[in-house]
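Source file: query39.txt. Holds: compact mmCIF, C-alpha atoms.
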```txt
# COMPACT_ATOMS: atom_id res chain seq x y z
CA LYS A 94 90.47 35.85 61.55
CA GLY A 95 93.53 36.59 59.49
CA PRO A 96 96.82 34.69 59.75
CA ASP A 97 98.82 35.03 62.96
CA PRO A 98 101.31 37.87 62.33
CA ASP A 99 103.84 36.22 64.67
CA ILE A 100 104.17 33.01 62.66
CA ALA A 101 106.88 34.29 60.30
CA PHE A 102 109.03 35.35 63.26
CA MET A 103 108.36 32.05 65.04
CA GLN A 104 109.42 30.17 61.93
CA GLN A 105 112.67 32.09 62.00
CA ARG A 106 113.15 31.25 65.67
CA MET A 107 112.66 27.54 65.02
CA SER A 108 114.62 27.35 61.78
CA GLY A 109 117.72 26.01 63.53
CA VAL A 110 115.89 23.25 65.43
CA ARG A 111 116.30 20.07 63.41
CA HIS A 112 113.96 17.74 65.29
CA ARG A 113 111.02 18.57 67.58
CA VAL A 114 109.84 15.68 69.77
CA LEU A 115 106.85 15.72 72.14
CA VAL A 116 106.91 13.57 75.29
CA LEU A 117 103.29 12.59 75.92
CA SER A 118 101.10 10.44 78.12
CA GLY A 119 97.41 10.42 78.81
CA LYS A 120 97.84 10.71 82.59
CA GLY A 121 100.11 12.14 85.24
CA GLY A 122 102.63 10.27 87.34
CA VAL A 123 104.03 8.00 84.64
CA GLY A 124 107.40 9.77 84.47
CA LYS A 125 107.24 12.07 81.43
CA SER A 126 109.42 14.72 83.07
CA THR A 127 111.93 12.15 84.28
CA MET A 128 112.13 10.61 80.79
CA THR A 129 112.53 14.08 79.25
CA LYS A 130 115.32 14.95 81.69
CA GLU A 131 117.25 11.72 81.25
CA LEU A 132 116.77 11.61 77.47
CA GLY A 133 118.06 15.17 77.25
CA PHE A 134 121.20 14.30 79.20
CA ALA A 135 121.71 11.03 77.31
CA LEU A 136 121.38 12.74 73.92
CA GLY A 137 123.76 15.44 75.15
CA ARG A 138 126.32 12.77 76.04
CA ARG A 139 126.07 11.62 72.43
CA GLY A 140 127.11 15.11 71.34
CA LEU A 141 123.63 16.28 70.29
CA LEU A 142 122.64 19.86 71.15
CA THR A 143 119.37 19.38 73.01
CA GLY A 144 116.76 21.91 74.13
CA LEU A 145 114.20 21.01 76.80
CA VAL A 146 110.85 22.82 76.88
CA ASP A 147 108.73 22.46 80.02
CA THR A 148 105.18 23.21 78.89
CA ASP A 149 103.59 22.13 82.17
CA ILE A 150 102.72 25.73 83.03
CA CYS A 151 101.01 24.99 86.35
CA GLY A 152 103.38 22.27 87.55
CA PRO A 153 106.87 22.77 86.09
CA SER A 154 109.33 20.20 87.41
CA LEU A 155 112.22 20.05 84.93
CA PRO A 156 114.20 22.87 86.64
CA ARG A 157 114.35 20.85 89.86
CA LEU A 158 115.09 17.57 88.07
CA THR A 159 117.96 19.12 86.11
CA GLY A 160 119.47 21.01 89.04
CA VAL A 161 118.83 24.57 87.83
CA ARG A 162 115.90 25.50 90.07
CA ASP A 163 117.55 28.70 91.29
CA GLU A 164 118.21 30.07 87.81
CA SER A 165 116.16 32.67 85.91
CA LEU A 166 115.59 33.46 82.27
CA HIS A 167 117.70 36.37 81.06
CA THR A 168 116.93 38.63 78.14
CA SER A 169 119.47 39.57 75.50
CA ALA A 170 119.21 41.46 72.23
CA ASP A 171 118.09 38.18 70.63
CA GLY A 172 115.32 37.47 73.16
CA TRP A 173 114.97 35.11 76.11
CA GLU A 174 118.11 33.07 76.63
CA PRO A 175 117.40 29.44 77.62
CA VAL A 176 119.03 28.33 80.85
CA SER A 177 122.16 26.28 80.25
CA VAL A 178 122.01 22.94 82.09
CA ASP A 179 125.31 21.66 80.71
CA GLU A 180 127.39 22.23 77.58
CA ASN A 181 124.87 20.44 75.33
CA VAL A 182 121.54 20.82 77.15
CA SER A 183 119.44 23.97 77.67
CA LEU A 184 116.00 24.51 79.21
CA VAL A 185 113.07 26.91 79.35
CA SER A 186 110.28 26.67 81.88
CA MET A 187 107.56 28.74 83.47
CA HIS A 188 109.44 28.21 86.74
CA PHE A 189 112.20 30.58 85.62
CA LEU A 190 109.72 33.43 85.15
CA MET A 191 108.27 33.25 88.66
CA GLY A 192 109.48 35.59 91.38
CA ASP A 193 108.19 33.31 94.12
CA LYS A 194 109.17 29.78 93.05
CA ASN A 195 106.43 28.28 95.26
CA GLU A 196 103.65 30.48 93.89
CA ALA A 197 100.68 28.75 92.29
CA VAL A 198 100.04 29.56 88.62
CA VAL A 199 96.27 30.05 88.48
CA TRP A 200 95.69 30.63 84.78
CA ARG A 201 92.94 29.83 82.36
CA GLY A 202 93.58 28.31 78.94
CA PRO A 203 94.29 31.48 76.91
CA ARG A 204 97.09 32.64 79.22
CA LYS A 205 98.67 29.18 79.24
CA ASN A 206 98.45 29.06 75.45
CA GLY A 207 100.14 32.46 75.31
CA MET A 208 103.05 31.21 77.41
CA VAL A 209 103.44 28.13 75.21
CA LYS A 210 103.64 30.49 72.26
CA ASN A 211 106.25 32.60 74.05
CA PHE A 212 108.45 29.52 74.50
CA ILE A 213 108.67 29.44 70.71
CA LYS A 214 108.42 33.11 69.83
CA GLU A 215 110.57 34.75 72.52
CA VAL A 216 113.35 32.22 73.11
CA ALA A 217 116.61 32.48 71.16
CA TRP A 218 117.02 28.76 70.56
CA GLY A 219 119.74 29.00 67.94
CA GLU A 220 120.99 25.69 66.54
CA LEU A 221 119.62 22.52 68.13
CA ASP A 222 119.78 18.90 67.03
CA VAL A 223 116.77 17.91 69.14
CA MET A 224 114.07 19.77 71.04
CA LEU A 225 112.30 17.63 73.66
CA VAL A 226 108.97 19.04 74.83
CA ASP A 227 107.74 17.86 78.22
CA THR A 228 103.95 18.15 78.27
CA PRO A 229 101.33 18.15 81.03
CA PRO A 230 98.94 15.21 81.36
CA GLY A 231 96.05 14.89 78.97
CA THR A 232 95.18 16.26 75.54
CA SER A 233 94.09 19.79 76.31
CA ASP A 234 94.94 23.44 75.60
CA GLU A 235 98.71 23.27 75.85
CA HIS A 236 98.93 20.23 73.59
CA ILE A 237 96.65 21.67 70.91
CA SER A 238 98.43 25.04 70.89
CA LEU A 239 101.85 23.43 70.86
CA VAL A 240 101.09 21.18 67.89
CA ASN A 241 99.41 24.07 66.07
CA PHE A 242 102.39 26.41 66.50
CA LEU A 243 105.03 23.79 65.67
CA THR A 244 103.09 22.63 62.61
CA GLN A 245 103.17 26.18 61.27
CA CYS A 246 106.89 26.41 62.07
CA GLY A 247 108.08 23.44 60.03
CA GLY A 248 106.30 20.57 61.71
CA VAL A 249 106.63 18.09 64.57
CA SER A 250 109.12 15.27 64.11
CA GLY A 251 106.99 13.01 66.27
CA ALA A 252 105.97 11.98 69.77
CA ILE A 253 107.25 9.56 72.37
CA ILE A 254 104.39 8.14 74.43
CA VAL A 255 105.25 7.10 77.99
CA THR A 256 103.24 4.47 79.84
CA THR A 257 103.52 2.29 82.92
CA PRO A 258 102.58 -1.39 83.09
CA GLN A 259 99.17 -0.96 84.74
CA GLU A 260 96.09 -1.37 82.58
CA VAL A 261 94.67 1.97 83.76
CA ALA A 262 97.71 3.74 82.29
CA VAL A 263 97.35 1.84 79.03
CA ALA A 264 93.72 2.94 78.72
CA ASP A 265 94.79 6.60 78.99
CA VAL A 266 97.61 6.09 76.49
CA ARG A 267 95.09 4.90 73.92
CA ARG A 268 93.49 8.35 74.13
CA GLU A 269 96.89 9.95 73.58
CA VAL A 270 97.37 7.79 70.49
CA ASP A 271 94.02 9.03 69.22
CA PHE A 272 95.15 12.62 69.88
CA CYS A 273 98.25 12.04 67.76
CA ARG A 274 96.16 10.63 64.96
CA LYS A 275 93.73 13.53 65.01
CA THR A 276 96.53 16.12 65.04
CA LYS A 277 98.66 14.15 62.53
CA VAL A 278 101.63 13.87 64.90
CA PRO A 279 103.71 10.77 64.07
CA ILE A 280 104.27 8.40 67.00
CA LEU A 281 107.98 7.54 67.18
CA GLY A 282 107.45 4.81 69.74
CA PHE A 283 106.33 3.76 73.21
CA VAL A 284 108.38 3.81 76.41
CA GLU A 285 107.38 1.67 79.38
CA ASN A 286 108.51 3.33 82.60
CA MET A 287 108.59 1.50 85.96
CA SER A 288 109.08 -1.70 83.96
CA GLY A 289 110.03 -4.03 86.79
CA PHE A 290 112.46 -3.50 89.64
CA VAL A 291 116.13 -4.48 89.57
CA CYS A 292 117.51 -5.15 93.05
CA PRO A 293 120.65 -3.04 93.61
CA LYS A 294 122.12 -5.83 95.80
CA CYS A 295 121.59 -9.00 93.79
CA SER A 296 120.44 -7.63 90.38
CA THR A 297 117.33 -9.83 90.50
CA ARG A 298 114.48 -8.40 88.42
CA SER A 299 110.99 -8.36 89.95
CA VAL A 300 107.62 -7.36 88.53
CA VAL A 301 106.18 -4.62 90.74
CA PHE A 302 103.14 -3.62 88.68
CA PRO A 303 101.71 -6.79 87.12
CA SER A 304 99.39 -6.04 84.24
CA GLY A 305 97.52 -9.32 84.37
CA ARG A 306 98.06 -9.65 80.63
CA GLY A 307 101.48 -11.30 80.59
CA GLU A 308 103.42 -9.14 78.13
CA GLY A 309 104.47 -5.55 78.88
CA ALA A 310 102.16 -2.59 78.35
CA ALA A 311 104.40 -1.01 75.71
CA ALA A 312 104.52 -4.30 73.78
CA ARG A 313 100.72 -4.53 73.81
CA LEU A 314 100.40 -0.94 72.60
CA SER A 315 102.96 -1.53 69.88
CA GLU A 316 101.08 -4.61 68.70
CA GLU A 317 97.78 -2.75 68.76
CA PHE A 318 98.85 0.50 67.07
CA GLY A 319 102.07 -0.24 65.18
CA PRO A 320 104.81 2.12 66.48
CA PRO A 321 107.78 0.31 68.05
CA VAL A 322 108.79 -0.11 71.66
CA LEU A 323 111.71 2.23 72.23
CA GLY A 324 112.56 0.92 75.66
CA GLY A 325 111.59 -0.29 79.10
CA ILE A 326 112.94 1.65 82.07
CA PRO A 327 113.08 -0.25 85.39
CA LEU A 328 112.37 1.18 88.80
CA ASP A 329 115.71 2.08 90.32
CA PRO A 330 116.42 3.97 93.56
CA ALA A 331 119.40 5.62 91.85
CA LEU A 332 117.09 7.32 89.34
CA MET A 333 114.88 8.74 92.10
CA LYS A 334 117.89 9.98 94.05
CA SER A 335 119.44 11.57 90.96
CA CYS A 336 116.20 13.46 90.32
CA GLU A 337 116.19 14.73 93.90
CA LYS A 338 119.79 15.94 93.50
CA GLY A 339 119.16 17.41 90.03
CA VAL A 340 121.85 15.41 88.21
CA PRO A 341 121.85 12.76 85.45
CA VAL A 342 121.55 9.27 86.88
CA ALA A 343 124.71 8.36 84.92
CA ASP A 344 126.62 10.91 87.01
CA PHE A 345 125.00 9.78 90.25
CA ASP A 346 125.62 6.04 89.79
CA ALA A 347 127.14 4.98 86.47
CA GLU A 348 126.70 1.28 87.35
CA ALA A 349 122.97 1.49 88.09
CA PRO A 350 120.92 -0.89 85.89
CA VAL A 351 118.71 1.99 84.75
CA VAL A 352 121.66 3.78 83.10
CA LYS A 353 122.03 1.21 80.32
CA ALA A 354 118.27 1.16 79.74
CA LEU A 355 118.23 4.95 79.33
CA ASP A 356 121.30 4.95 77.07
CA ASP A 357 119.67 2.28 74.90
CA LEU A 358 116.50 4.40 74.74
CA ALA A 359 118.48 7.47 73.68
CA ALA A 360 120.34 5.44 71.04
CA LYS A 361 117.08 4.14 69.58
CA LEU A 362 115.56 7.62 69.53
CA ALA A 363 118.65 9.06 67.84
CA GLN A 364 118.47 6.28 65.25
CA VAL A 365 114.78 6.93 64.59
CA LEU A 366 115.39 10.67 64.21
CA SER A 367 118.31 10.07 61.84
CA ASN A 368 115.82 8.55 59.41
CA ILE A 369 113.45 11.53 59.59
CA ALA A 370 114.05 14.66 57.53
CA PRO A 371 114.76 17.73 59.68
CA ALA A 372 111.69 19.83 60.47
CA GLY A 373 110.90 22.25 57.69
CA ALA A 374 113.04 20.41 55.12
CA ALA A 375 110.12 19.81 52.78
CA GLU A 376 109.13 23.48 52.87
CA GLN A 377 112.71 24.59 52.26
CA ALA A 378 112.99 22.20 49.31
```

Written form, C-alpha cells:
Amino acid sequence: KGPDPDIAFMQQRMSGVRHRVLVLSGKGGVGKSTMTKELGFALGRRGLLTGLVDTDICGPSLPRLTGVRDESLHTSADGWEPVSVDENVSLVSMHFLMGDKNEAVVWRGPRKNGMVKNFIKEVAWGELDVMLVDTPPGTSDEHISLVNFLTQCGGVSGAIIVTTPQEVAVADVRREVDFCRKTKVPILGFVENMSGFVCPKCSTRSVVFPSGRGEGAAARLSEEFGPPVLGGIPLDPALMKSCEKGVPVADFDAEAPVVKALDDLAAKLAQVLSNIAPAGAAEQA
C-alpha cells in the first residue's frame, strides 16, 4: 500500500494542537470519562484551550457528562465544528452524529477506525493548548488507529493511565503500560480514582476498596514502572451528582473534597506538559 493521501491534510488539521494526551485504562468502569471531563474543565479554568475527543464509538458518555447531550455537530466551510462546552472547552463525539441518541452503534473495527480518523481529519480544531482523548477500555482497534494517526500528525504527548485501588484493575493497567511501550507512547503518570471516601459530614477519610497490599495502586504502579503518580481522586457524592447534571464538580459544590484533588491533578498535568515540546516541534525544527 502507498502512503495515506489524507495524512498531509490531517497534519494541517492538527498543527494548532500543542499537546495530545490519551486517557487510558485496561478496563471499563474506572472513571476515564469522568477524569477526562473534569480535567478538561480544570484545565479550562486555568485558561488553557482544551479539546475533548470521545473515541468510545459504541458507548460515548462525554456529551452527557459535560451537559451538551442535546447538541449536534455542525458543518462549516472549515469542516465539522466541535461542540462548545464552555469558553475554553470543546468536544467531539459519535453521540453528536446520531439521529436517535439511544440507538446502538453496531460497527466492526474498520468503521470505528474510520470514525476515529474523521475526528482528526474532518474537525476544525483550530488552536488548542491541550487535546484530551477519552478512549474505550482495552488496547484494540480504536487505540491502535488513534496512536497511528496522531504519530503521523506530529506525535502523541503522552498518556494518563487511570486505575482504581483493586488488584484486578492494577493487573489490567499493566497491560495498558505494555501497550504504551509497544506503541512508544510516553506515560505521563498514573491517576488512582476512587481512592478512599471522604465523608461530606465529618471529612473523615475511609478506605472503600482495600487492595490488601497497603500502599495505593497508583503508588505500586509508579514504583514498578517509573512514571509518577499524578493524583488520587476520592469517592465523592458531589462528583457523581455533577456528572448526572452535566456540570463541573467545582460549579456544583466548590467546597467538595474532590475539587482540590482534581485541581491538583490538573496543575500537575499542566506542569508535566510545560516540560514537553509541543507536538510536531521536532519536525518543524

Subject >> Neighbour list for Ile280 of chain A as JSON, numbers by chain, cut-off 9 Å, only C-alpha atoms, skip fewer than 6 positions in-chain >> reply: {"A": [250, 251, 252, 253, 254, 270, 273, 274, 320, 321]}

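Counting all atoms listed in the file and comparing A:Arg267, A:Arg298, A:Lys120, A:Lys130, the residue that lies closest to Ser183 of chain A is A:Lys130.
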
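The space separating atom CA of Gly324 of chain A from atom CA of Val284 of chain A comes to 5.1 Å.
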
**OP:** Give me, please, the distance in Å between atom CA of Phe212 of chain A and atom CA of His112 of chain A, quoted to one decimal.
**Re:** 15.9 Å

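You will find atom CA of Val182 of chain A at 28.0 Å from atom CA of Lys277 of chain A.
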